[in-house]
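**Q** Data: my_file_25.pdb, PDB, C-alpha atoms.
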ATOM      1  CA  MET A   1      87.873 106.563 119.787
ATOM      2  CA  LEU A   2      87.511 109.610 117.635
ATOM      3  CA  LEU A   3      86.793 111.700 120.714
ATOM      4  CA  VAL A   4      89.871 110.342 122.441
ATOM      5  CA  VAL A   5      92.067 111.164 119.470
ATOM      6  CA  LEU A   6      90.567 114.635 119.150
ATOM      7  CA  THR A   7      91.074 115.334 122.836
ATOM      8  CA  VAL A   8      94.654 114.099 122.793
ATOM      9  CA  MET A   9      95.433 116.121 119.696
ATOM     10  CA  CYS A  10      93.856 119.263 121.139
ATOM     11  CA  VAL A  11      95.739 118.903 124.404
ATOM     12  CA  ILE A  12      99.014 118.388 122.592
ATOM     13  CA  ALA A  13      98.385 121.237 120.184
ATOM     14  CA  ALA A  14      97.436 123.569 123.020
ATOM     15  CA  ARG A  15     100.608 122.784 124.910
ATOM     16  CA  ALA A  16     102.830 122.870 121.838
ATOM     17  CA  LYS A  17     106.272 124.102 122.665
ATOM     18  CA  LEU A  18     109.288 124.942 120.596
ATOM     19  CA  VAL A  19     111.250 122.160 122.220
ATOM     20  CA  PRO A  20     108.831 119.216 122.010
ATOM     21  CA  GLY A  21     108.213 116.801 124.850
ATOM     22  CA  LYS A  22     107.646 113.078 124.406
ATOM     23  CA  ALA A  23     103.981 113.074 123.348
ATOM     24  CA  GLN A  24     104.369 116.082 121.136
ATOM     25  CA  SER A  25     107.334 114.624 119.311
ATOM     26  CA  ILE A  26     105.461 111.388 118.582
ATOM     27  CA  VAL A  27     102.562 113.296 117.051
ATOM     28  CA  GLU A  28     104.929 115.545 115.141
ATOM     29  CA  MET A  29     106.747 112.501 113.816
ATOM     30  CA  LEU A  30     103.500 110.990 112.505
ATOM     31  CA  ILE A  31     102.413 114.226 110.859
ATOM     32  CA  GLU A  32     105.867 114.702 109.399
ATOM     33  CA  PHE A  33     105.737 111.165 107.986
ATOM     34  CA  VAL A  34     102.378 111.754 106.301
ATOM     35  CA  ASN A  35     103.490 115.132 105.043
ATOM     36  CA  THR A  36     106.768 114.075 103.480
ATOM     37  CA  SER A  37     106.361 110.485 102.396
ATOM     38  CA  ILE A  38     102.780 110.661 101.180
ATOM     39  CA  ILE A  39     101.920 114.207 100.248
ATOM     40  CA  GLN A  40     105.125 115.774  99.067
ATOM     41  CA  ASN A  41     106.271 112.626  97.306
ATOM     42  CA  THR A  42     103.192 112.475  95.103
ATOM     43  CA  LEU A  43     101.888 116.020  94.919
ATOM     44  CA  GLY A  44     105.088 118.002  95.078
ATOM     45  CA  LEU A  45     106.005 120.804  97.457
ATOM     46  CA  ARG A  46     103.657 123.589  96.403
ATOM     47  CA  ALA A  47     100.494 121.674  95.539
ATOM     48  CA  GLY A  48     101.158 119.449  98.536
ATOM     49  CA  LYS A  49     100.763 122.344 100.905
ATOM     50  CA  GLN A  50      97.317 123.083  99.504
ATOM     51  CA  TYR A  51      95.935 119.595 100.138
ATOM     52  CA  ALA A  52      97.937 118.750 103.248
ATOM     53  CA  PRO A  53      95.220 119.585 105.836
ATOM     54  CA  MET A  54      92.657 117.376 104.108
ATOM     55  CA  LEU A  55      94.978 114.420 103.611
ATOM     56  CA  ILE A  56      96.445 114.556 107.109
ATOM     57  CA  THR A  57      92.945 114.686 108.601
ATOM     58  CA  MET A  58      91.980 111.718 106.457
ATOM     59  CA  PHE A  59      95.000 109.724 107.551
ATOM     60  CA  PHE A  60      94.422 110.262 111.240
ATOM     61  CA  LEU A  61      90.692 109.640 110.997
ATOM     62  CA  ILE A  62      91.163 106.315 109.223
ATOM     63  CA  PHE A  63      94.070 105.290 111.420
ATOM     64  CA  SER A  64      92.272 105.928 114.686
ATOM     65  CA  MET A  65      89.105 104.264 113.440
ATOM     66  CA  ASN A  66      91.087 101.214 112.328
ATOM     67  CA  LEU A  67      92.890 100.999 115.648
ATOM     68  CA  ALA A  68      89.522 100.845 117.374
ATOM     69  CA  GLY A  69      89.098  97.469 115.700
ATOM     70  CA  VAL A  70      92.081  95.946 117.506
ATOM     71  CA  ILE A  71      91.633  97.496 120.955
ATOM     72  CA  PRO A  72      89.759  95.033 123.153
ATOM     73  CA  GLY A  73      86.458  96.437 124.387
ATOM     74  CA  LEU A  74      86.038  98.902 121.551
ATOM     75  CA  ASN A  75      85.176  95.876 119.494
ATOM     76  CA  LEU A  76      84.519  97.086 115.966
ATOM     77  CA  SER A  77      86.431  99.296 113.615
ATOM     78  CA  GLY A  78      84.438 102.282 112.404
ATOM     79  CA  ASN A  79      85.576 101.393 108.923
ATOM     80  CA  SER A  80      83.983  97.962 108.949
ATOM     81  CA  VAL A  81      80.569  99.563 108.422
ATOM     82  CA  ILE A  82      80.050 100.891 104.925
ATOM     83  CA  GLY A  83      79.134 104.472 105.854
ATOM     84  CA  LEU A  84      82.491 105.863 106.842
ATOM     85  CA  PRO A  85      84.629 104.483 103.985
ATOM     86  CA  LEU A  86      81.961 105.548 101.504
ATOM     87  CA  LEU A  87      81.912 109.059 102.938
ATOM     88  CA  LEU A  88      85.692 109.336 102.818
ATOM     89  CA  ALA A  89      85.874 107.977  99.278
ATOM     90  CA  LEU A  90      83.204 110.397  98.082
ATOM     91  CA  TRP A  91      85.145 113.180  99.773
ATOM     92  CA  THR A  92      88.191 112.241  97.708
ATOM     93  CA  PHE A  93      86.051 111.956  94.576
ATOM     94  CA  ALA A  94      84.528 115.408  95.093
ATOM     95  CA  THR A  95      87.932 116.913  95.799
ATOM     96  CA  TYR A  96      89.624 115.667  92.695
ATOM     97  CA  VAL A  97      86.715 116.423  90.405
ATOM     98  CA  ILE A  98      86.262 119.945  91.776
ATOM     99  CA  PHE A  99      89.937 120.858  91.675
ATOM    100  CA  GLY A 100      90.368 119.184  88.293
ATOM    101  CA  VAL A 101      87.452 121.162  86.838
ATOM    102  CA  ARG A 102      88.683 124.353  88.454
ATOM    103  CA  LYS A 103      92.062 123.878  86.858
ATOM    104  CA  HIS A 104      91.171 122.630  83.364
ATOM    105  CA  GLY A 105      87.518 123.608  82.897
ATOM    106  CA  VAL A 106      84.773 121.002  82.477
ATOM    107  CA  VAL A 107      85.604 119.914  78.926
ATOM    108  CA  GLY A 108      89.310 120.240  79.473
ATOM    109  CA  TYR A 109      89.114 118.121  82.595
ATOM    110  CA  LEU A 110      87.192 115.347  80.872
ATOM    111  CA  LYS A 111      89.631 115.418  77.987
ATOM    112  CA  HIS A 112      92.561 115.404  80.369
ATOM    113  CA  GLU A 113      91.315 112.368  82.265
ATOM    114  CA  THR A 114      89.857 110.275  79.463
ATOM    115  CA  MET A 115      92.207 110.929  76.555
ATOM    116  CA  PRO A 116      95.786 110.034  77.359
ATOM    117  CA  PRO A 117      98.015 111.380  74.598
ATOM    118  CA  GLY A 118     100.080 109.214  72.284
ATOM    119  CA  VAL A 119      97.424 106.613  71.518
ATOM    120  CA  PRO A 120      96.248 105.745  67.973
ATOM    121  CA  LYS A 121      92.976 107.527  67.095
ATOM    122  CA  ILE A 122      90.889 104.394  66.717
ATOM    123  CA  ILE A 123      91.719 103.077  70.179
ATOM    124  CA  TYR A 124      89.986 106.143  71.662
ATOM    125  CA  LEU A 125      86.619 104.598  70.828
ATOM    126  CA  LEU A 126      87.413 101.878  73.312
ATOM    127  CA  LEU A 127      89.487 103.917  75.707
ATOM    128  CA  ILE A 128      87.186 106.855  76.432
ATOM    129  CA  PRO A 129      84.288 104.862  77.943
ATOM    130  CA  ILE A 130      86.657 102.768  80.021
ATOM    131  CA  GLU A 131      88.565 105.727  81.364
ATOM    132  CA  PHE A 132      85.396 107.674  82.012
ATOM    133  CA  LEU A 133      83.900 104.785  83.941
ATOM    134  CA  GLN A 134      87.092 104.520  85.914
ATOM    135  CA  VAL A 135      87.144 108.179  86.866
ATOM    136  CA  ALA A 136      83.454 108.419  87.652
ATOM    137  CA  VAL A 137      82.768 105.139  89.442
ATOM    138  CA  ILE A 138      85.595 102.693  89.859
ATOM    139  CA  ARG A 139      87.987 104.954  91.746
ATOM    140  CA  TRP A 140      85.798 105.805  94.677
ATOM    141  CA  ALA A 141      84.046 102.447  94.676
ATOM    142  CA  SER A 142      87.366 100.643  94.907
ATOM    143  CA  LEU A 143      88.582 102.961  97.663
ATOM    144  CA  THR A 144      85.462 102.131  99.657
ATOM    145  CA  ILE A 145      85.598  98.410  99.074
ATOM    146  CA  ARG A 146      89.319  98.188  99.802
ATOM    147  CA  LEU A 147      89.044  99.791 103.215
ATOM    148  CA  LEU A 148      85.777  98.101 104.134
ATOM    149  CA  ALA A 149      86.748  94.605 103.055
ATOM    150  CA  ASN A 150      90.146  94.792 104.721
ATOM    151  CA  MET A 151      88.633  95.744 108.040
ATOM    152  CA  VAL A 152      85.783  93.230 107.844
ATOM    153  CA  ALA A 153      88.062  90.405 106.754
ATOM    154  CA  GLY A 154      90.596  91.200 109.462
ATOM    155  CA  HIS A 155      87.922  91.133 112.104
ATOM    156  CA  ILE A 156      86.489  87.846 110.843
ATOM    157  CA  MET A 157      89.958  86.329 110.780
ATOM    158  CA  MET A 158      90.559  87.285 114.417
ATOM    159  CA  VAL A 159      87.226  85.823 115.457
ATOM    160  CA  VAL A 160      87.913  82.600 113.570
ATOM    161  CA  PHE A 161      91.312  82.049 115.135
ATOM    162  CA  ILE A 162      90.292  82.928 118.668
ATOM    163  CA  GLY A 163      87.190  80.782 118.229
ATOM    164  CA  MET A 164      89.339  77.912 117.039
ATOM    165  CA  THR A 165      91.567  78.182 120.107
ATOM    166  CA  HIS A 166      88.505  78.156 122.306
ATOM    167  CA  ALA A 167      86.956  75.175 120.559
ATOM    168  CA  LEU A 168      90.185  73.154 120.698
ATOM    169  CA  LEU A 169      90.769  73.970 124.353
ATOM    170  CA  PHE A 170      87.348  72.759 125.399
ATOM    171  CA  SER A 171      87.138  69.827 122.991
ATOM    172  CA  GLY A 172      87.941  67.335 125.757
ATOM    173  CA  SER A 173      90.112  65.084 123.617
ATOM    174  CA  ALA A 174      93.707  64.893 122.405
ATOM    175  CA  LEU A 175      93.068  68.032 120.357
ATOM    176  CA  ILE A 176      93.735  70.118 123.481
ATOM    177  CA  ALA A 177      97.437  69.719 122.688
ATOM    178  CA  LEU A 178      96.887  71.785 119.545
ATOM    179  CA  SER A 179      95.287  74.741 121.273
ATOM    180  CA  PRO A 180      98.539  76.562 122.252
ATOM    181  CA  PHE A 181      99.516  76.686 118.575
ATOM    182  CA  ALA A 182      96.120  78.038 117.615
ATOM    183  CA  GLY A 183      96.436  80.618 120.403
ATOM    184  CA  ALA A 184      99.857  81.692 119.166
ATOM    185  CA  LEU A 185      98.444  81.989 115.677
ATOM    186  CA  ALA A 186      95.603  84.152 116.988
ATOM    187  CA  ILE A 187      98.088  86.499 118.664
ATOM    188  CA  GLY A 188     100.084  86.606 115.440
ATOM    189  CA  ILE A 189      96.956  87.564 113.496
ATOM    190  CA  TYR A 190      96.290  90.234 116.098
ATOM    191  CA  GLY A 191      99.686  91.801 115.487
ATOM    192  CA  PHE A 192      99.098  91.567 111.758
ATOM    193  CA  GLU A 193      95.832  93.453 112.187
ATOM    194  CA  ILE A 194      97.632  96.353 113.866
ATOM    195  CA  PHE A 195      99.961  96.454 110.873
ATOM    196  CA  VAL A 196      97.015  96.346 108.464
ATOM    197  CA  ALA A 197      95.323  99.211 110.304
ATOM    198  CA  ALA A 198      98.326 101.441 109.658
ATOM    199  CA  LEU A 199      98.812 100.144 106.119
ATOM    200  CA  GLN A 200      95.229 100.786 105.058
ATOM    201  CA  ALA A 201      95.312 104.345 106.392
ATOM    202  CA  PHE A 202      98.547 104.843 104.464
ATOM    203  CA  ILE A 203      97.192 103.359 101.235
ATOM    204  CA  PHE A 204      93.923 105.271 101.357
ATOM    205  CA  THR A 205      95.684 108.593 101.853
ATOM    206  CA  MET A 206      98.276 107.673  99.269
ATOM    207  CA  LEU A 207      95.713 106.818  96.598
ATOM    208  CA  SER A 208      93.732 109.979  97.357
ATOM    209  CA  ALA A 209      96.901 111.988  96.818
ATOM    210  CA  VAL A 210      97.631 110.122  93.590
ATOM    211  CA  TYR A 211      94.106 110.716  92.255
ATOM    212  CA  ILE A 212      94.286 114.417  93.086
ATOM    213  CA  GLN A 213      97.660 114.593  91.411
ATOM    214  CA  MET A 214      96.291 112.845  88.298
ATOM    215  CA  ALA A 215      93.359 115.261  88.124
ATOM    216  CA  THR A 216      95.301 118.478  88.602
ATOM    217  CA  SER A 217      98.551 117.703  86.785
ATOM    218  CA  ASP A 218      99.599 119.761  83.775
ATOM    219  CA  GLU A 219      99.482 118.509  80.232
ATOM    220  CA  HIS A 220     102.492 116.437  79.365
TER     221      HIS A 220
ATOM    222  CA  MET B   1      74.247  56.928 102.135
ATOM    223  CA  ASP B   2      73.759  54.183  99.622
ATOM    224  CA  THR B   3      76.658  52.026  98.606
ATOM    225  CA  THR B   4      76.841  53.006  94.966
ATOM    226  CA  THR B   5      78.187  56.510  95.569
ATOM    227  CA  LEU B   6      81.893  56.553  96.299
ATOM    228  CA  ALA B   7      82.153  60.090  97.612
ATOM    229  CA  GLU B   8      79.459  62.514  98.546
ATOM    230  CA  MET B   9      79.703  66.237  99.221
ATOM    231  CA  THR B  10      77.038  68.525 100.536
ATOM    232  CA  GLY B  11      77.015  72.312 100.651
ATOM    233  CA  ASN B  12      77.370  75.127  98.219
ATOM    234  CA  ILE B  13      80.133  75.171  95.621
ATOM    235  CA  ALA B  14      80.342  78.946  96.059
ATOM    236  CA  THR B  15      82.292  78.484  99.288
ATOM    237  CA  VAL B  16      85.446  77.728  97.301
ATOM    238  CA  GLY B  17      85.023  80.991  95.397
ATOM    239  CA  TYR B  18      87.214  83.078  97.644
ATOM    240  CA  GLY B  19      89.997  80.538  97.468
ATOM    241  CA  LEU B  20      89.897  80.611  93.669
ATOM    242  CA  ALA B  21      89.816  84.406  93.651
ATOM    243  CA  ALA B  22      92.893  84.578  95.841
ATOM    244  CA  ILE B  23      95.078  82.697  93.360
ATOM    245  CA  GLY B  24      95.494  85.383  90.709
ATOM    246  CA  PRO B  25      96.161  88.388  92.938
ATOM    247  CA  GLY B  26      98.432  86.176  95.050
ATOM    248  CA  ILE B  27     100.645  85.571  92.031
ATOM    249  CA  GLY B  28     100.383  89.232  91.077
ATOM    250  CA  ILE B  29     101.414  90.582  94.459
ATOM    251  CA  GLY B  30     104.254  88.064  94.563
ATOM    252  CA  ILE B  31     105.575  89.382  91.266
ATOM    253  CA  ILE B  32     105.187  93.029  92.368
ATOM    254  CA  VAL B  33     107.028  92.582  95.641
ATOM    255  CA  GLY B  34     109.697  90.398  94.086
ATOM    256  CA  LYS B  35     110.419  92.905  91.362
ATOM    257  CA  THR B  36     110.494  95.738  93.881
ATOM    258  CA  ALA B  37     113.008  93.847  95.998
ATOM    259  CA  GLU B  38     115.089  93.333  92.883
ATOM    260  CA  ALA B  39     114.917  97.023  92.008
ATOM    261  CA  MET B  40     115.789  98.035  95.559
ATOM    262  CA  ALA B  41     118.827  95.786  95.462
ATOM    263  CA  ARG B  42     119.963  97.501  92.274
ATOM    264  CA  GLN B  43     119.214 101.068  93.350
ATOM    265  CA  PRO B  44     119.133 101.302  97.159
ATOM    266  CA  GLU B  45     118.916 105.099  97.017
ATOM    267  CA  LEU B  46     115.459 104.945  95.349
ATOM    268  CA  ARG B  47     114.089 102.805  98.168
ATOM    269  CA  GLY B  48     111.364 105.186  99.378
ATOM    270  CA  GLN B  49     109.979 105.899  95.949
ATOM    271  CA  LEU B  50     109.996 102.236  94.978
ATOM    272  CA  GLN B  51     108.158 101.263  98.131
ATOM    273  CA  THR B  52     105.503 103.865  97.453
ATOM    274  CA  THR B  53     104.999 102.560  93.933
ATOM    275  CA  MET B  54     104.909  99.030  95.294
ATOM    276  CA  PHE B  55     102.143  99.875  97.748
ATOM    277  CA  ILE B  56     100.062 101.510  95.031
ATOM    278  CA  GLY B  57     100.516  98.446  92.832
ATOM    279  CA  ILE B  58      99.584  96.144  95.685
ATOM    280  CA  ALA B  59      96.485  98.210  96.391
ATOM    281  CA  PHE B  60      95.316  97.892  92.795
ATOM    282  CA  THR B  61      95.947  94.150  92.728
ATOM    283  CA  GLU B  62      94.500  93.493  96.138
ATOM    284  CA  ILE B  63      91.132  94.981  95.238
ATOM    285  CA  LEU B  64      90.406  91.945  93.042
ATOM    286  CA  THR B  65      90.624  89.624  96.023
ATOM    287  CA  LEU B  66      88.670  91.985  98.231
ATOM    288  CA  LEU B  67      85.919  92.101  95.621
ATOM    289  CA  ALA B  68      85.630  88.352  96.060
ATOM    290  CA  ILE B  69      85.049  88.787  99.799
ATOM    291  CA  VAL B  70      82.393  91.400  99.200
ATOM    292  CA  THR B  71      80.693  89.360  96.476
ATOM    293  CA  GLY B  72      80.583  86.449  98.851
ATOM    294  CA  PHE B  73      78.663  88.544 101.333
ATOM    295  CA  ILE B  74      76.304  90.064  98.802
ATOM    296  CA  PHE B  75      75.229  86.964  96.869
TER     297      PHE B  75
END
Any chance you could put this one into structure tokens?

**A**
Amino acid sequence: MLLVVLTVMCVIAARAKLVPGKAQSIVEMLIEFVNTSIIQNTLGLRAGKQYAPMLITMFFLIFSMNLAGVIPGLNLSGNSVIGLPLLLALWTFATYVIFGVRKHGVVGYLKHETMPPGVPKIIYLLLIPIEFLQVAVIRWASLTIRLLANMVAGHIMMVVFIGMTHALLFSGSALIALSPFAGALAIGIYGFEIFVAALQAFIFTMLSAVYIQMATSDEH
Amino acid sequence: MDTTTLAEMTGNIATVGYGLAAIGPGIGIGIIVGKTAEAMARQPELRGQLQTTMFIGIAFTEILTLLAIVTGFIF
């Protein structure tokens, strides 16, 4: 799937023209969507340009991998095995820590992330460990689990509904009458999975952008 | 089955865990989306921004339910 996407993208990029054809305009529309509604909305124009290649790559990687889960014959989404989501989440983690440290310095970065201003002094005792844990562990762990669990659960749901249709159809009793409804439900779930594939790619990229923005923003 | 027991259940009680875990985030996501719809009705020109915020909120709420799926597989 990844190879197919890479090939298609290379072919389209190699034949890029000033007046785009059909395929080129679809790809341009997708990239434009990621660029404006995700990156520039959260990161702003100037910083957005700096991180745009990474985030756009991320979006297309996740999206194509997720689509592999709903194309018959390709069988399993790359994101329903823990390796790929973990790698992507750690990539985000490394990016925001590195750029945060580069901007604020090590101490400044830790202070920036763990000590939100305008809180009574004594609350800091409670707040600093929580915030630190969130920055260091919870963010990337939750990115991983979100993507992984969505893909796994979607796949299981499809199997359950198609299996139910099958079982009802071959039950040999009055239950056969129910099988068309189960089949319709399975097709509905299938459509929902395509939607989820796009949504998860969107959310993952979105949250990465938000985390980077949190790490590199100026003092308020 | 002897006659003194009225109802008997076999299996692991943990199977209802996911159902229980889906209650809270279900309510939460309902509130998020409802409020966003309300806000969009009041300020249609902020639609894009509100939707973005809504998706971030949903993502943070949803993770609680997804944790339940993962916990079910681990333990």

**Q** Counting all atoms listed in the file, which residue out of A:Ser37, A:Phe204, A:Ser80, A:Ala215 sits closest to Leu50 in chain B?

**A**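 Distance minimum relative to Leu50 in chain B lands on A:Ser37.
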
**Q** Using all atoms listed in the file, can you tell me which of B:Leu66, B:Met54, B:Val16, B:Ile27 comes closest to chain A?

**A**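 Residue with the minimum atom-to-atom distance to chain A: B:Leu66.
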
**Q** Residues within 12 Å of Ser64 in chain A, please, as an mmCIF file with C-alpha atoms, in the coordinates of the input. Count all atoms listed in the file; anything in the same chain fewer than 6 positions from it doesn't count.

**A**
data_model
loop_
_atom_site.group_PDB
_atom_site.id
_atom_site.type_symbol
_atom_site.label_atom_id
_atom_site.label_comp_id
_atom_site.auth_asym_id
_atom_site.auth_seq_id
_atom_site.Cartn_x
_atom_site.Cartn_y
_atom_site.Cartn_z
ATOM 1 C CA MET A 1 87.873 106.563 119.787
ATOM 2 C CA LEU A 2 87.511 109.610 117.635
ATOM 3 C CA LEU A 3 86.793 111.700 120.714
ATOM 4 C CA VAL A 4 89.871 110.342 122.441
ATOM 5 C CA VAL A 5 92.067 111.164 119.470
ATOM 6 C CA LEU A 6 90.567 114.635 119.150
ATOM 7 C CA VAL A 8 94.654 114.099 122.793
ATOM 8 C CA MET A 9 95.433 116.121 119.696
ATOM 9 C CA THR A 57 92.945 114.686 108.601
ATOM 10 C CA MET A 58 91.980 111.718 106.457
ATOM 11 C CA VAL A 70 92.081 95.946 117.506
ATOM 12 C CA ILE A 71 91.633 97.496 120.955
ATOM 13 C CA LEU A 74 86.038 98.902 121.551
ATOM 14 C CA LEU A 76 84.519 97.086 115.966
ATOM 15 C CA SER A 77 86.431 99.296 113.615
ATOM 16 C CA GLY A 78 84.438 102.282 112.404
ATOM 17 C CA ASN A 79 85.576 101.393 108.923
ATOM 18 C CA ILE A 194 97.632 96.353 113.866
ATOM 19 C CA ALA A 197 95.323 99.211 110.304
ATOM 20 C CA ALA A 198 98.326 101.441 109.658
ATOM 21 C CA GLN A 200 95.229 100.786 105.058
ATOM 22 C CA ALA A 201 95.312 104.345 106.392
#

**Q** Residue by residue, what does the ChimeraX specification (/B :<8) & /A grab here? Present the result as a ChimeraX atom specification.

**A** /A:37,41,142,145-146,149-150,153,203,206-207

**Q** What gap, in Å, lies between CA of Val210 in chain A and CA of Ile39 in chain A?

**A**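 Straight-line distance from CA of Val210 in chain A to CA of Ile39 in chain A works out to 8.9 Å.
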
**Q** In Å, rounded to a single decimal, give me how far CA of Phe202 in chain A is from CA of Phe59 in chain A.

**A**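 Interatomic distance here is 6.8 Å.
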
**Q** Under the PyMOL selection byres ((chain A and resi 186) around 10), which residues of this model are included? Write them out as a PDB file with C-alpha atoms, in the coordinates of the input.

**A**
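Dumped to part-v5.pdb:
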ATOM      1  CA  MET A 157      89.958  86.329 110.780  1.00  0.00           C
ATOM      2  CA  MET A 158      90.559  87.285 114.417  1.00  0.00           C
ATOM      3  CA  VAL A 159      87.226  85.823 115.457  1.00  0.00           C
ATOM      4  CA  VAL A 160      87.913  82.600 113.570  1.00  0.00           C
ATOM      5  CA  PHE A 161      91.312  82.049 115.135  1.00  0.00           C
ATOM      6  CA  ILE A 162      90.292  82.928 118.668  1.00  0.00           C
ATOM      7  CA  GLY A 163      87.190  80.782 118.229  1.00  0.00           C
ATOM      8  CA  MET A 164      89.339  77.912 117.039  1.00  0.00           C
ATOM      9  CA  THR A 165      91.567  78.182 120.107  1.00  0.00           C
ATOM     10  CA  PRO A 180      98.539  76.562 122.252  1.00  0.00           C
ATOM     11  CA  PHE A 181      99.516  76.686 118.575  1.00  0.00           C
ATOM     12  CA  ALA A 182      96.120  78.038 117.615  1.00  0.00           C
ATOM     13  CA  GLY A 183      96.436  80.618 120.403  1.00  0.00           C
ATOM     14  CA  ALA A 184      99.857  81.692 119.166  1.00  0.00           C
ATOM     15  CA  LEU A 185      98.444  81.989 115.677  1.00  0.00           C
ATOM     16  CA  ILE A 187      98.088  86.499 118.664  1.00  0.00           C
ATOM     17  CA  GLY A 188     100.084  86.606 115.440  1.00  0.00           C
ATOM     18  CA  ILE A 189      96.956  87.564 113.496  1.00  0.00           C
ATOM     19  CA  TYR A 190      96.290  90.234 116.098  1.00  0.00           C
ATOM     20  CA  GLY A 191      99.686  91.801 115.487  1.00  0.00           C
ATOM     21  CA  PHE A 192      99.098  91.567 111.758  1.00  0.00           C
TER      22      PHE A 192
END

**Q** Any chance you could work out the residue set of the PyMOL selection byres ((chain A and resi 98-102) around 12) here, as a PDB file with C-alpha atoms, keeping the file's coordinate frame?

**A**
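The resulting file, out-v2.pdb, is shown below:
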ATOM      1  CA  ALA A  47     100.494 121.674  95.539  1.00  0.00           C
ATOM      2  CA  GLN A  50      97.317 123.083  99.504  1.00  0.00           C
ATOM      3  CA  TYR A  51      95.935 119.595 100.138  1.00  0.00           C
ATOM      4  CA  LEU A  90      83.204 110.397  98.082  1.00  0.00           C
ATOM      5  CA  TRP A  91      85.145 113.180  99.773  1.00  0.00           C
ATOM      6  CA  THR A  92      88.191 112.241  97.708  1.00  0.00           C
ATOM      7  CA  PHE A  93      86.051 111.956  94.576  1.00  0.00           C
ATOM      8  CA  ALA A  94      84.528 115.408  95.093  1.00  0.00           C
ATOM      9  CA  THR A  95      87.932 116.913  95.799  1.00  0.00           C
ATOM     10  CA  TYR A  96      89.624 115.667  92.695  1.00  0.00           C
ATOM     11  CA  VAL A  97      86.715 116.423  90.405  1.00  0.00           C
ATOM     12  CA  LYS A 103      92.062 123.878  86.858  1.00  0.00           C
ATOM     13  CA  HIS A 104      91.171 122.630  83.364  1.00  0.00           C
ATOM     14  CA  GLY A 105      87.518 123.608  82.897  1.00  0.00           C
ATOM     15  CA  VAL A 106      84.773 121.002  82.477  1.00  0.00           C
ATOM     16  CA  VAL A 107      85.604 119.914  78.926  1.00  0.00           C
ATOM     17  CA  GLY A 108      89.310 120.240  79.473  1.00  0.00           C
ATOM     18  CA  TYR A 109      89.114 118.121  82.595  1.00  0.00           C
ATOM     19  CA  LEU A 110      87.192 115.347  80.872  1.00  0.00           C
ATOM     20  CA  LYS A 111      89.631 115.418  77.987  1.00  0.00           C
ATOM     21  CA  HIS A 112      92.561 115.404  80.369  1.00  0.00           C
ATOM     22  CA  GLU A 113      91.315 112.368  82.265  1.00  0.00           C
ATOM     23  CA  VAL A 135      87.144 108.179  86.866  1.00  0.00           C
ATOM     24  CA  TYR A 211      94.106 110.716  92.255  1.00  0.00           C
ATOM     25  CA  ILE A 212      94.286 114.417  93.086  1.00  0.00           C
ATOM     26  CA  GLN A 213      97.660 114.593  91.411  1.00  0.00           C
ATOM     27  CA  MET A 214      96.291 112.845  88.298  1.00  0.00           C
ATOM     28  CA  ALA A 215      93.359 115.261  88.124  1.00  0.00           C
ATOM     29  CA  THR A 216      95.301 118.478  88.602  1.00  0.00           C
ATOM     30  CA  SER A 217      98.551 117.703  86.785  1.00  0.00           C
ATOM     31  CA  ASP A 218      99.599 119.761  83.775  1.00  0.00           C
TER      32      ASP A 218
END

**Q** Smallest atom-to-atom distance to Asn75 in chain A: which of A:Leu168, A:Phe60, A:Ile156, A:Leu127, using all atoms listed in the file?

**A**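 So, comparing all the options, the nearest one is A:Ile156.
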
**Q** For the atom pair CA of Ile82 in chain A and CA of Phe75 in chain B, what is the interatomic distance in Å to one decimal place?

**A** 16.8 Å
